[in-house]
Structures are given as C-alpha cells and as structure tokens.
$ cat query_10.txt   # compact mmCIF, C-alpha atoms and all ligand atoms
# COMPACT_ATOMS: atom_id res chain seq x y z
CA MET A 1 -44.23 79.85 -137.92
CA SER A 2 -42.11 77.57 -140.01
CA THR A 3 -43.71 74.39 -141.25
CA THR A 4 -40.48 72.87 -142.50
CA LYS A 5 -40.03 69.56 -140.76
CA LYS A 6 -36.62 68.76 -139.40
CA ILE A 7 -34.93 65.92 -141.26
CA THR A 8 -32.43 64.07 -139.12
CA ARG A 9 -29.50 63.01 -141.27
CA ILE A 10 -27.82 59.85 -140.06
CA ALA A 11 -24.56 58.43 -141.37
CA VAL A 12 -24.33 54.66 -140.93
CA ILE A 13 -20.98 52.95 -140.55
CA GLY A 14 -21.74 49.23 -140.21
CA GLY A 15 -18.01 48.55 -139.90
CA ASP A 16 -16.46 45.18 -139.19
CA GLY A 17 -17.58 41.67 -138.29
CA THR A 18 -21.06 41.55 -136.80
CA GLY A 19 -21.30 45.37 -136.87
CA PRO A 20 -23.42 45.47 -140.06
CA GLU A 21 -25.80 42.76 -138.74
CA VAL A 22 -26.62 44.52 -135.50
CA THR A 23 -26.75 47.91 -137.21
CA ALA A 24 -29.36 46.53 -139.62
CA GLU A 25 -31.59 45.62 -136.65
CA GLY A 26 -31.09 49.07 -135.14
CA LEU A 27 -32.14 50.64 -138.44
CA LYS A 28 -35.14 48.31 -138.66
CA VAL A 29 -36.33 49.57 -135.27
CA LEU A 30 -35.55 53.16 -136.27
CA ALA A 31 -37.69 52.84 -139.40
CA ALA A 32 -40.58 51.42 -137.38
CA ILE A 33 -40.50 54.03 -134.62
CA ALA A 34 -40.02 56.87 -137.14
CA GLN A 35 -43.19 55.82 -138.89
CA ARG A 36 -45.16 55.62 -135.64
CA GLU A 37 -43.80 58.91 -134.28
CA ASN A 38 -43.79 60.78 -137.58
CA ILE A 39 -40.04 61.39 -137.57
CA SER A 40 -38.32 62.37 -140.82
CA TYR A 41 -34.85 61.06 -141.29
CA GLU A 42 -32.51 59.90 -143.98
CA THR A 43 -29.54 57.58 -143.80
CA GLN A 44 -26.39 57.25 -145.84
CA ALA A 45 -24.14 54.22 -145.56
CA PHE A 46 -20.37 54.65 -145.36
CA ASP A 47 -18.03 51.84 -146.26
CA LEU A 48 -15.36 52.07 -143.57
CA GLY A 49 -13.61 49.54 -141.34
CA GLY A 50 -11.06 46.75 -141.69
CA ASP A 51 -12.02 45.60 -145.18
CA PHE A 52 -11.95 49.15 -146.50
CA TYR A 53 -8.53 49.67 -144.95
CA LEU A 54 -7.13 46.42 -146.37
CA ARG A 55 -8.47 47.37 -149.80
CA THR A 56 -7.36 51.02 -149.89
CA GLY A 57 -4.59 51.40 -147.29
CA ASP A 58 -6.56 54.31 -145.85
CA VAL A 59 -8.56 54.13 -142.60
CA LEU A 60 -10.54 57.36 -142.89
CA PRO A 61 -9.98 59.57 -145.93
CA ASP A 62 -10.11 63.30 -145.14
CA ALA A 63 -12.90 63.79 -147.69
CA THR A 64 -15.01 61.15 -145.92
CA LEU A 65 -14.43 62.85 -142.58
CA ALA A 66 -15.54 66.15 -144.13
CA GLU A 67 -18.72 64.40 -145.36
CA LEU A 68 -19.44 62.87 -141.94
CA ARG A 69 -19.25 66.30 -140.29
CA LYS A 70 -22.38 67.33 -142.17
CA PHE A 71 -24.56 64.68 -140.52
CA ASP A 72 -26.63 65.11 -137.36
CA ALA A 73 -25.57 61.73 -136.07
CA ILE A 74 -23.54 58.65 -136.87
CA LEU A 75 -24.60 55.08 -136.10
CA LEU A 76 -21.49 52.92 -135.81
CA GLY A 77 -21.64 49.11 -135.78
CA ALA A 78 -18.16 47.94 -134.75
CA VAL A 79 -14.49 48.30 -135.57
CA GLY A 80 -11.94 45.51 -135.24
CA HIS A 81 -10.68 43.12 -137.92
CA PRO A 82 -8.67 39.92 -137.38
CA ASP A 83 -6.25 40.83 -140.24
CA VAL A 84 -5.54 44.36 -139.04
CA ALA A 85 -3.04 44.99 -136.23
CA PRO A 86 -4.58 46.27 -132.98
CA GLY A 87 -4.72 50.05 -132.74
CA ILE A 88 -4.89 50.93 -136.43
CA LEU A 89 -8.67 50.98 -136.81
CA GLU A 90 -9.30 52.03 -133.22
CA LYS A 91 -6.98 55.02 -133.51
CA GLY A 92 -7.57 55.82 -137.17
CA LEU A 93 -11.34 55.55 -137.20
CA LEU A 94 -13.05 55.43 -133.79
CA LEU A 95 -10.72 57.71 -131.82
CA ARG A 96 -10.12 60.00 -134.79
CA LEU A 97 -13.87 60.53 -135.17
CA ARG A 98 -14.24 61.20 -131.43
CA PHE A 99 -11.43 63.79 -131.54
CA GLU A 100 -12.11 65.46 -134.88
CA LEU A 101 -15.84 65.74 -134.25
CA ASP A 102 -15.08 66.88 -130.68
CA GLN A 103 -17.39 64.29 -129.17
CA TYR A 104 -16.22 65.14 -125.72
CA ILE A 105 -18.81 63.12 -123.80
CA ASN A 106 -18.83 59.34 -123.78
CA LEU A 107 -22.20 58.47 -122.29
CA ARG A 108 -22.51 54.93 -121.02
CA PRO A 109 -25.72 53.95 -119.26
CA VAL A 110 -25.48 50.89 -117.00
CA THR A 111 -29.04 49.60 -116.88
CA LEU A 112 -30.07 46.06 -116.01
CA TYR A 113 -33.12 45.29 -118.15
CA PRO A 114 -35.84 42.96 -116.87
CA GLY A 115 -35.13 39.29 -117.48
CA VAL A 116 -31.41 39.87 -117.95
CA GLU A 117 -28.99 37.97 -115.78
CA THR A 118 -26.30 39.92 -113.92
CA PRO A 119 -23.28 38.21 -112.34
CA LEU A 120 -24.12 40.02 -109.10
CA THR A 121 -26.05 37.72 -106.78
CA GLY A 122 -29.15 39.28 -105.30
CA LYS A 123 -29.16 42.41 -107.47
CA GLY A 124 -31.95 43.33 -109.87
CA PRO A 125 -33.02 46.13 -112.22
CA ASP A 126 -33.74 48.44 -109.26
CA ASP A 127 -30.14 48.11 -108.06
CA ILE A 128 -28.26 48.40 -111.33
CA ASN A 129 -29.32 51.65 -112.94
CA PHE A 130 -26.66 54.32 -113.21
CA VAL A 131 -24.87 56.28 -115.90
CA VAL A 132 -21.18 56.86 -116.55
CA VAL A 133 -20.19 60.16 -118.17
CA ARG A 134 -16.69 59.58 -119.46
CA GLU A 135 -14.52 62.38 -120.82
CA ASN A 136 -13.80 61.38 -124.41
CA THR A 137 -11.04 63.53 -125.93
CA GLU A 138 -8.11 63.76 -123.49
CA ASP A 139 -6.08 61.74 -120.97
CA LEU A 140 -3.92 58.83 -122.14
CA TYR A 141 -6.03 58.68 -125.29
CA CYS A 142 -4.52 61.84 -126.80
CA GLY A 143 -1.73 59.80 -128.40
CA ILE A 144 1.15 61.89 -127.10
CA GLY A 145 4.30 59.90 -126.51
CA GLY A 146 7.08 58.06 -128.17
CA PHE A 147 10.01 55.73 -127.98
CA HIS A 148 13.67 56.38 -127.39
CA LYS A 149 16.28 53.77 -128.35
CA LYS A 150 13.50 51.50 -129.56
CA ASN A 151 14.25 47.76 -129.63
CA THR A 152 17.45 48.14 -127.64
CA PRO A 153 18.02 47.10 -124.02
CA ASP A 154 17.97 50.80 -123.13
CA GLU A 155 14.58 51.44 -124.66
CA VAL A 156 12.41 54.12 -123.08
CA ALA A 157 8.73 54.62 -123.85
CA ASN A 158 6.52 57.38 -122.59
CA GLN A 159 2.82 58.06 -123.03
CA THR A 160 1.35 61.27 -121.70
CA ALA A 161 -1.96 61.75 -119.95
CA LEU A 162 -3.10 65.21 -120.98
CA TYR A 163 -5.78 67.09 -119.07
CA THR A 164 -6.99 70.62 -119.79
CA ARG A 165 -9.14 72.91 -117.68
CA LYS A 166 -11.47 73.37 -120.64
CA GLY A 167 -11.65 69.63 -121.30
CA CYS A 168 -12.50 68.55 -117.77
CA GLU A 169 -14.72 71.51 -116.97
CA ARG A 170 -17.01 71.10 -119.99
CA CYS A 171 -17.38 67.40 -119.24
CA ILE A 172 -18.08 67.99 -115.55
CA ARG A 173 -20.62 70.73 -116.33
CA TRP A 174 -22.41 68.49 -118.83
CA ALA A 175 -22.48 65.72 -116.21
CA PHE A 176 -24.04 68.03 -113.61
CA GLU A 177 -26.68 69.14 -116.14
CA TYR A 178 -27.34 65.52 -117.04
CA THR A 179 -27.70 64.52 -113.37
CA ARG A 180 -30.12 67.38 -112.78
CA LYS A 181 -32.22 66.34 -115.80
CA ARG A 182 -32.11 62.66 -114.89
CA ASN A 183 -33.71 63.70 -111.64
CA ASN A 184 -33.25 60.38 -109.85
CA PRO A 185 -36.11 59.91 -107.37
CA LYS A 186 -33.59 58.32 -104.97
CA GLY A 187 -31.68 61.63 -104.96
CA LYS A 188 -29.53 63.44 -107.49
CA MET A 189 -25.86 62.61 -107.00
CA LEU A 190 -22.83 63.06 -109.23
CA THR A 191 -19.76 61.05 -108.22
CA LEU A 192 -16.38 62.14 -109.53
CA VAL A 193 -14.26 59.02 -110.03
CA ALA A 194 -10.52 59.73 -110.19
CA LYS A 195 -7.29 59.04 -108.32
CA THR A 196 -6.46 62.28 -106.54
CA ASN A 197 -4.25 60.51 -103.99
CA VAL A 198 -1.71 59.52 -106.66
CA LEU A 199 -2.34 61.62 -109.79
CA THR A 200 -1.66 64.78 -107.84
CA TYR A 201 -1.42 67.05 -110.91
CA GLY A 202 -3.89 65.90 -113.54
CA HIS A 203 -6.56 64.73 -111.15
CA ASP A 204 -6.01 67.70 -108.89
CA LEU A 205 -7.10 69.78 -111.87
CA TRP A 206 -10.20 67.59 -112.21
CA TRP A 207 -10.89 67.86 -108.47
CA ARG A 208 -10.67 71.66 -108.46
CA ALA A 209 -12.84 71.99 -111.58
CA PHE A 210 -15.38 69.62 -109.99
CA GLN A 211 -15.53 71.68 -106.77
CA ASP A 212 -15.95 74.91 -108.75
CA VAL A 213 -18.71 73.64 -111.04
CA ALA A 214 -20.49 71.88 -108.12
CA ARG A 215 -21.21 75.31 -106.58
CA GLU A 216 -23.50 76.05 -109.55
CA TYR A 217 -25.55 72.90 -108.85
CA SER A 218 -26.57 73.01 -105.21
CA ASP A 219 -29.49 70.63 -105.97
CA VAL A 220 -27.05 67.86 -106.95
CA LYS A 221 -24.98 66.10 -104.31
CA ALA A 222 -21.31 66.29 -105.33
CA ASP A 223 -19.59 63.06 -104.36
CA TYR A 224 -16.11 61.61 -104.86
CA ASN A 225 -14.67 58.06 -105.14
CA HIS A 226 -11.17 56.90 -105.93
CA VAL A 227 -11.33 54.67 -109.01
CA ASP A 228 -10.12 51.52 -107.23
CA ALA A 229 -12.76 51.89 -104.53
CA CYS A 230 -15.37 52.61 -107.22
CA CYS A 231 -14.65 49.18 -108.75
CA MET A 232 -15.45 47.57 -105.41
CA TRP A 233 -18.63 49.60 -104.88
CA MET A 234 -19.89 48.93 -108.39
CA VAL A 235 -19.85 45.24 -107.55
CA LYS A 236 -20.89 45.41 -103.89
CA ASN A 237 -23.39 48.31 -103.94
CA PRO A 238 -24.19 49.33 -107.51
CA GLU A 239 -27.42 50.92 -106.21
CA TYR A 240 -25.22 53.58 -104.57
CA TYR A 241 -24.57 55.29 -107.91
CA ASP A 242 -26.68 57.77 -109.82
CA VAL A 243 -24.27 59.43 -112.27
CA ILE A 244 -20.49 59.01 -112.39
CA VAL A 245 -18.21 61.50 -114.14
CA THR A 246 -14.70 60.32 -114.88
CA THR A 247 -11.58 60.62 -116.99
CA ASN A 248 -11.17 58.91 -120.35
CA MET A 249 -8.88 56.03 -119.30
CA PHE A 250 -10.62 55.19 -116.03
CA GLY A 251 -13.95 55.60 -117.82
CA ASP A 252 -12.91 53.02 -120.38
CA ILE A 253 -12.15 50.50 -117.65
CA ILE A 254 -15.15 51.02 -115.39
CA THR A 255 -17.60 50.99 -118.31
CA ASP A 256 -16.60 47.43 -119.22
CA LEU A 257 -17.20 46.51 -115.59
CA GLY A 258 -20.54 48.31 -115.91
CA ALA A 259 -21.35 46.45 -119.12
CA ILE A 260 -20.94 43.04 -117.51
CA LEU A 261 -23.11 44.12 -114.55
CA GLN A 262 -25.91 44.86 -117.02
CA GLY A 263 -25.63 41.52 -118.76
CA GLY A 264 -22.70 41.92 -121.11
CA MET A 265 -21.57 43.49 -124.32
CA GLY A 266 -24.64 42.39 -126.24
CA VAL A 267 -26.70 44.80 -124.16
CA ALA A 268 -24.42 47.80 -123.53
CA ALA A 269 -24.81 50.87 -125.73
CA GLY A 270 -22.89 54.12 -125.73
CA GLY A 271 -22.96 57.60 -127.17
CA ASN A 272 -20.04 59.78 -128.23
CA ILE A 273 -21.65 63.15 -127.89
CA ASN A 274 -20.75 66.59 -129.13
CA PRO A 275 -23.37 68.60 -127.24
CA ASP A 276 -22.76 71.81 -129.18
CA PRO A 277 -25.53 72.97 -131.53
CA GLY A 278 -24.65 71.54 -134.94
CA GLY A 279 -22.30 68.97 -133.41
CA THR A 280 -22.23 65.46 -134.84
CA SER A 281 -22.64 62.72 -132.23
CA MET A 282 -21.99 59.03 -132.74
CA PHE A 283 -23.85 56.12 -131.18
CA GLU A 284 -22.59 52.56 -130.94
CA PRO A 285 -23.28 49.15 -129.47
CA MET A 286 -20.25 48.33 -127.29
CA GLY A 287 -19.98 44.67 -128.29
CA GLY A 288 -17.15 44.87 -130.79
CA SER A 289 -16.93 43.06 -134.11
CA ALA A 290 -17.16 39.48 -132.71
CA PRO A 291 -15.53 37.91 -135.83
CA LYS A 292 -16.39 34.33 -134.88
CA TYR A 293 -20.13 35.07 -134.99
CA THR A 294 -20.07 37.07 -138.23
CA GLY A 295 -22.76 36.22 -140.75
CA GLN A 296 -24.47 33.63 -138.56
CA ASN A 297 -27.49 35.69 -137.50
CA VAL A 298 -26.81 34.78 -133.84
CA ILE A 299 -25.36 37.99 -132.39
CA ASN A 300 -27.41 40.05 -129.93
CA PRO A 301 -28.69 43.28 -131.51
CA ILE A 302 -30.18 44.74 -128.30
CA ALA A 303 -27.17 47.05 -127.77
CA ALA A 304 -27.53 48.42 -131.31
CA VAL A 305 -31.23 49.05 -130.69
CA GLY A 306 -30.26 50.79 -127.44
CA ALA A 307 -27.81 52.93 -129.43
CA VAL A 308 -30.67 53.94 -131.72
CA ALA A 309 -32.73 54.93 -128.66
CA MET A 310 -29.82 57.11 -127.49
CA LEU A 311 -29.56 58.64 -130.96
CA LEU A 312 -33.26 59.54 -130.87
CA GLU A 313 -32.99 60.96 -127.36
CA HIS A 314 -30.06 63.21 -128.30
CA ASN A 315 -31.61 64.38 -131.55
CA GLY A 316 -34.77 65.75 -129.96
CA TYR A 317 -37.04 62.69 -129.88
CA PRO A 318 -37.22 61.67 -126.21
CA GLN A 319 -40.69 60.17 -126.57
CA ALA A 320 -39.59 57.92 -129.43
CA ALA A 321 -36.50 56.96 -127.43
CA ALA A 322 -38.65 56.04 -124.43
CA ARG A 323 -40.88 53.87 -126.62
CA VAL A 324 -37.87 51.99 -127.98
CA MET A 325 -36.51 51.48 -124.45
CA LYS A 326 -39.89 50.18 -123.29
CA ALA A 327 -39.95 47.73 -126.21
CA ILE A 328 -36.42 46.55 -125.36
CA ARG A 329 -37.50 45.91 -121.77
CA PHE A 330 -40.52 43.95 -122.94
CA VAL A 331 -38.41 41.78 -125.26
CA THR A 332 -35.67 41.04 -122.69
CA GLY A 333 -38.21 40.53 -119.93
CA SER A 334 -40.69 38.27 -121.67
CA LYS A 335 -39.12 36.84 -124.83
CA MET A 336 -35.37 36.36 -124.88
CA LYS A 337 -33.89 33.35 -123.08
CA SER A 338 -30.41 34.85 -122.74
CA GLN A 339 -28.38 37.82 -123.93
CA ALA A 340 -25.50 35.63 -125.13
CA ALA A 341 -24.84 35.11 -128.85
CA GLY A 342 -26.52 31.94 -130.07
CA LYS A 343 -28.46 31.44 -126.83
CA MET A 344 -31.14 34.10 -127.18
CA GLY A 345 -33.81 31.63 -128.30
CA TYR A 346 -34.13 33.80 -131.43
CA SER A 347 -31.91 34.88 -134.28
CA THR A 348 -30.46 38.39 -134.59
CA SER A 349 -33.16 39.46 -137.04
CA GLN A 350 -35.94 37.84 -135.00
CA VAL A 351 -34.91 39.88 -131.96
CA GLY A 352 -35.15 43.00 -134.13
CA ASP A 353 -38.62 41.90 -135.25
CA LEU A 354 -39.68 41.32 -131.64
CA VAL A 355 -38.65 44.86 -130.69
CA VAL A 356 -40.57 46.27 -133.67
CA ALA A 357 -43.66 44.26 -132.70
CA ALA A 358 -43.40 45.56 -129.12
CA LEU A 359 -43.22 49.24 -130.08
C1 LIG A 401 -14.70 51.93 -125.85
C2 LIG A 401 -13.68 51.03 -126.53
C3 LIG A 401 -12.61 51.88 -127.21
C4 LIG A 401 -11.96 52.74 -126.14
C5 LIG A 401 -11.57 51.07 -127.99
C6 LIG A 401 -12.21 50.19 -129.04
C7 LIG A 401 -10.51 51.95 -128.61
O1 LIG A 401 -13.13 50.15 -125.62
O2 LIG A 401 -15.37 52.70 -126.57
O3 LIG A 401 -14.87 51.85 -124.64
O4 LIG A 401 -10.96 52.33 -125.53
O5 LIG A 401 -12.43 53.85 -125.93
MN MN A 402 -13.92 50.32 -123.61
$ encode --input "query_10.txt" --output "structure tokens"
Amino acid sequence: MSTTKKITRIAVIGGDGTGPEVTAEGLKVLAAIAQRENISYETQAFDLGGDFYLRTGDVLPDATLAELRKFDAILLGAVGHPDVAPGILEKGLLLRLRFELDQYINLRPVTLYPGVETPLTGKGPDDINFVVVRENTEDLYCGIGGFHKKNTPDEVANQTALYTRKGCERCIRWAFEYTRKRNNPKGKMLTLVAKTNVLTYGHDLWWRAFQDVAREYSDVKADYNHVDACCMWMVKNPEYYDVIVTTNMFGDIITDLGAILQGGMGVAAGGNINPDPGGTSMFEPMGGSAPKYTGQNVINPIAAVGAVAMLLEHNGYPQAAARVMKAIRFVTGSKMKSQAAGKMGYSTSQVGDLVVAAL
C-alpha cells in the first residue's frame, strides 16, 4: 500500500477587478478546511488578466498555458477590464482555457441558500435547488465565422453554431451520471433544454444523442423543455427541475437567470470541468470583475468560497466540500444582512472569516 499522500496542485488566477479580493477569501477558506480535513495542496499564482494584457500585449502566452495544464485545478477570480475591448480577455483567456483544457462541462448549481433573498415571491431554499450542466466547448462559442464586405452597406456576417456527436454525447452522458449520483429524493430527472422545433439540424443531433444515452439510465427520468418555455418554468416553478443539460449558448443565458434566482452574482459559482483522469478543471465565482467595487473590501466572496467547495468536490474531497457548503449556509442564514456588495453588514474579508469560523 502506498503511503504517499496526494498533493492537489492548484493554479490561482486572481484576474481583474475584484477577482483577486474574492479569490483571497476562497483561499483563506481552503487553507482552513485543508488543515481540518488533513488535505495536502499547494498553490501557484499566475499573473493574467487585463493588466497583464495591457502590459505585455499577450493574453495567454503558450508557455503559461503549458504550465497550467500540469495543475489539478485552476481557481479563477474574474476577467474583464474597463480598458480592454469586450471579447479580447473573454476569448483569449477564459474561452481559450475552456477549449484548450477540454473543460467540456460547465457545471452551474442554482441553490438558494438560507437567508438569501430571491426575486421570486413565495419561493424558498426547498424550491430553488437545481443544477445546470452546460456544454462548454461547442455551439456559437467555437468562434467560427467571419465578415464579407465589412463596413460597406452590403456587409454580411456569419457565425456558426457547431455541434458534434462526440461533443453532445459526452456532455449528456456526464449529465446522466451526475443526475444519478445527485440522487434527488424528489426523483431523479434530467431535462434536456434545447430548441428542436427551430434548430432542426443541430438540436436534432442533441435530441437523438439524448434519446440514445437515456436508454442506459432507466433510473433517471429523461425530460425535455424548449429553452423559451424553460425560462418561464424557471421563474414560475423552479422546484420542477432537478438537473438540466443544455447547449453552450442557451446554457449561458439560462445560468444568468438561475444566478439571479439564487440571489445574484455574488452567490453563484461555476465549474469548468474536464472529467477525464488527469484533466485540469477550473472553478470560478460568476460575478465578474465589478470594477467599481475594486479594492474597497465590499464585494461578496460567497461565490468564490462556493467555487472552492466545487474544487474540493471534484478533486476527491466531498466531505470537505460539504463542510464548506454547510458553513456558507450558516453564514448566509444567520450572519449576512444581504448578498449585495456593500450591504452585507460585513466586509469581504470579514465574510471570509465568518465562513472559516463556521467550519
Ligand atoms: C459565463 C460567462 C462567459 C460565457 C463570458 C464571460 C465569456 O458569461 O461563464 O457564463 O459567456 O461563457
Ligand atoms: Mn454567462
């Protein structure tokens, strides 16, 4: 029997704006839980983001990407800089990492924590508790397209949604496995969210792959919603959902709707997962860089702490992850006044301290 203890190697990209502040709180909680649960890990910080780009003209050097591949996980704060045109950092850093590291699952839990206000009247933590599994490497995100006769009255632009059998099938299979493991006491159900009535090629492929894979999971109810109807149900009957599997573009849209149902961007965490053995996954708070709050110690770090819990869960420490989640629930339920920046009743670092104390 080997006595060598696994060391989880984590690359930390604080990134732009408030990214480094919330990441620091996530790492504070990680240090505390690692000590209590006897987890060995090491971190290495990477200077990437808007400032790095403005300084060097490079968003993600190839050598840095090669370095990042060697890590078990990446914790990402935020990308987005007021002096950098939209798309450059998103495409060059975030999307490039998702594609190059083949993080083909974007896992976005929609969980209303105790004490957190949702805009949905009459709904509570029992009603808002589902997970979106978003495909993360294809669709309109693949960057295929171009202009013809640009900046003339005859200009044509096209942007291609690309779907592959391999791409949708591996995502759908992972989502079925996830639904089975989640084992919802209300019943295991995976809802495919797409638009088969209009996207009669690409989403027909998704539909057929979904039907085929569903046959391997007779214990999971295979369900289907058109994406427009899903938006209505998420607001009217969020308790209907257990796990949703969807395409990259629709997944992007419905996960922001999901984030506001769970109290906003200060709370929502996500994982970009490469489930293959040896794959490097990346975990992030969804809040963005929030430039106007930078450096004020007022931004909500709960999403970053949630991202750390996801990182632990997906690196073989489910018990540590559960402890962090329990501490988050305690802090939102009995300490914080609000989840909005500047209105929490505590500073960013105090919220981190509260989570540590609650572990
Ligand atoms: C997300 C974000 C990104 C996306 C942006 C920042 C490119 O909105 O992770 O949901 O569209 O995927
Ligand atoms: Mn999004």
$ residues_near_ligand --input "query_10.txt" --ligand "ligand MN 402 (chain A)" --cutoff "10 Å" --atoms "all atoms listed in the file" --output "VMD selection string"
chain A and resid 248 to 257 259 270 286 to 288
$ closest_residue --input "query_10.txt" --among "A:Ala214, A:Val132, A:Val193, A:Leu30" --to "ligand LIG 401 (chain A)" --atoms "all atoms listed in the file"
A:Val132
$ residues_around --input "query_10.txt" --residues "Asp58 in chain A" --least-positions-apart "2" --cutoff "10 Å" --atoms "all atoms listed in the file" --output "VMD selection string"
chain A and resid 48 to 50 52 to 56 60 to 62 89 92 to 93
$ axis_aligned_box --input "query_10.txt" --around "range 76-85 of chain A" --padding-each-side "3 Å" --output "AutoDock Vina command-line options"
--center_x -12.3 --center_y 46.4 --center_z -137.5 --size_x 24.6 --size_y 19.0 --size_z 11.5
$ residues_around --input "query_10.txt" --residues "range 146-162 of chain A" --least-positions-apart "5" --cutoff "10 Å" --atoms "only C-alpha atoms" --output "mmCIF file with C-alpha atoms, in the coordinates of the input"
data_model
loop_
_atom_site.group_PDB
_atom_site.id
_atom_site.type_symbol
_atom_site.label_atom_id
_atom_site.label_comp_id
_atom_site.auth_asym_id
_atom_site.auth_seq_id
_atom_site.Cartn_x
_atom_site.Cartn_y
_atom_site.Cartn_z
ATOM 1 C CA THR A 137 -11.040 63.530 -125.930
ATOM 2 C CA GLU A 138 -8.110 63.760 -123.490
ATOM 3 C CA ASP A 139 -6.080 61.740 -120.970
ATOM 4 C CA LEU A 140 -3.920 58.830 -122.140
ATOM 5 C CA TYR A 141 -6.030 58.680 -125.290
ATOM 6 C CA GLY A 167 -11.650 69.630 -121.300
ATOM 7 C CA GLY A 202 -3.890 65.900 -113.540
ATOM 8 C CA ASN A 248 -11.170 58.910 -120.350
ATOM 9 C CA MET A 249 -8.880 56.030 -119.300
#
$ closest_residue --input "query_10.txt" --among "A:Gly26, A:Gly15, A:Gly124, A:Pro285" --to "ligand LIG 401 (chain A)" --atoms "all atoms listed in the file"
A:Pro285
$ residues_around --input "query_10.txt" --residues "Gly14 in chain A" --least-positions-apart "4" --cutoff "8 Å" --atoms "all atoms listed in the file" --output "list in words"
Gly19, Pro20, Glu21, Thr23, Ala45, Phe46, Asp47, Leu48, Leu75, Leu76, Gly77 and Ala78 of chain A
$ residues_around --input "query_10.txt" --residues "Glu284 in chain A" --least-positions-apart "3" --cutoff "12 Å" --atoms "all atoms listed in the file" --output "CSV table (one decimal) with C-alpha atoms, in the frame of the given file"
chain,number,residue,atom,x,y,z
A,12,VAL,CA,-24.3,54.7,-140.9
A,13,ILE,CA,-21.0,53.0,-140.6
A,14,GLY,CA,-21.7,49.2,-140.2
A,15,GLY,CA,-18.0,48.6,-139.9
A,19,GLY,CA,-21.3,45.4,-136.9
A,20,PRO,CA,-23.4,45.5,-140.1
A,22,VAL,CA,-26.6,44.5,-135.5
A,23,THR,CA,-26.8,47.9,-137.2
A,26,GLY,CA,-31.1,49.1,-135.1
A,73,ALA,CA,-25.6,61.7,-136.1
A,74,ILE,CA,-23.5,58.6,-136.9
A,75,LEU,CA,-24.6,55.1,-136.1
A,76,LEU,CA,-21.5,52.9,-135.8
A,77,GLY,CA,-21.6,49.1,-135.8
A,78,ALA,CA,-18.2,47.9,-134.8
A,79,VAL,CA,-14.5,48.3,-135.6
A,94,LEU,CA,-13.0,55.4,-133.8
A,106,ASN,CA,-18.8,59.3,-123.8
A,107,LEU,CA,-22.2,58.5,-122.3
A,108,ARG,CA,-22.5,54.9,-121.0
A,265,MET,CA,-21.6,43.5,-124.3
A,266,GLY,CA,-24.6,42.4,-126.2
A,267,VAL,CA,-26.7,44.8,-124.2
A,268,ALA,CA,-24.4,47.8,-123.5
A,269,ALA,CA,-24.8,50.9,-125.7
A,270,GLY,CA,-22.9,54.1,-125.7
A,271,GLY,CA,-23.0,57.6,-127.2
A,272,ASN,CA,-20.0,59.8,-128.2
A,273,ILE,CA,-21.6,63.2,-127.9
A,281,SER,CA,-22.6,62.7,-132.2
A,287,GLY,CA,-20.0,44.7,-128.3
A,288,GLY,CA,-17.2,44.9,-130.8
A,289,SER,CA,-16.9,43.1,-134.1
A,301,PRO,CA,-28.7,43.3,-131.5
A,302,ILE,CA,-30.2,44.7,-128.3
A,303,ALA,CA,-27.2,47.0,-127.8
A,304,ALA,CA,-27.5,48.4,-131.3
A,305,VAL,CA,-31.2,49.0,-130.7
A,306,GLY,CA,-30.3,50.8,-127.4
A,307,ALA,CA,-27.8,52.9,-129.4
A,308,VAL,CA,-30.7,53.9,-131.7
A,309,ALA,CA,-32.7,54.9,-128.7
A,310,MET,CA,-29.8,57.1,-127.5
A,311,LEU,CA,-29.6,58.6,-131.0
$ closest_residue --input "query_10.txt" --among "A:Phe130, A:Tyr317, A:Phe283, A:Tyr240" --to "ligand LIG 401 (chain A)" --atoms "only C-alpha atoms and all ligand atoms"
A:Phe283
$ atom_distance --input "query_10.txt" --atom1 "CA of Asp204 in chain A" --atom2 "CA of Phe176 in chain A"
18.6 Å
$ closest_residue --input "query_10.txt" --among "A:Gly80, A:Gly187, A:Gly264, A:Gly17" --to "ligand LIG 401 (chain A)" --atoms "all atoms listed in the file"
A:Gly80
$ closest_residue --input "query_10.txt" --among "A:Leu261, A:Ile244, A:Leu312, A:Leu354" --to "Ser334 in chain A" --atoms "all atoms listed in the file"
A:Leu354
$ residues_around --input "query_10.txt" --residues "Pro291 in chain A" --least-positions-apart "6" --cutoff "8 Å" --atoms "only C-alpha atoms" --output "MDAnalysis selection string"
chainID A and resid 17:18 81:82
$ write_last_selection --input "query_10.txt" --atoms "C-alpha atoms" --output "PDB file, keeping the file's coordinate frame"
ATOM      1  CA  GLY A  17     -17.580  41.670-138.290  1.00  0.00           C
ATOM      2  CA  THR A  18     -21.060  41.550-136.800  1.00  0.00           C
ATOM      3  CA  HIS A  81     -10.680  43.120-137.920  1.00  0.00           C
ATOM      4  CA  PRO A  82      -8.670  39.920-137.380  1.00  0.00           C
TER       5      PRO A  82
END
$ closest_residue --input "query_10.txt" --among "A:Val116, A:Cys142, A:Ala175, A:Met234" --to "Phe330 in chain A" --atoms "all atoms listed in the file"
A:Val116
$ atom_distance --input "query_10.txt" --atom1 "CA of Gly122 in chain A" --atom2 "CA of Cys231 in chain A"
17.9 Å
$ atom_distance --input "query_10.txt" --atom1 "CA of Leu27 in chain A" --atom2 "CA of Thr43 in chain A"
9.1 Å
$ residues_near_point --input "query_10.txt" --point "(-21.9, 69.1, -134.9)" --cutoff "10 Å" --atoms "all atoms listed in the file" --output "list in words"
Leu68, Arg69, Lys70, Phe71, Asp72, Ala73, Leu101, Asp102, Gln103, Ile273, Asn274, Pro275, Asp276, Pro277, Gly278, Gly279, Thr280 and Ser281 of chain A
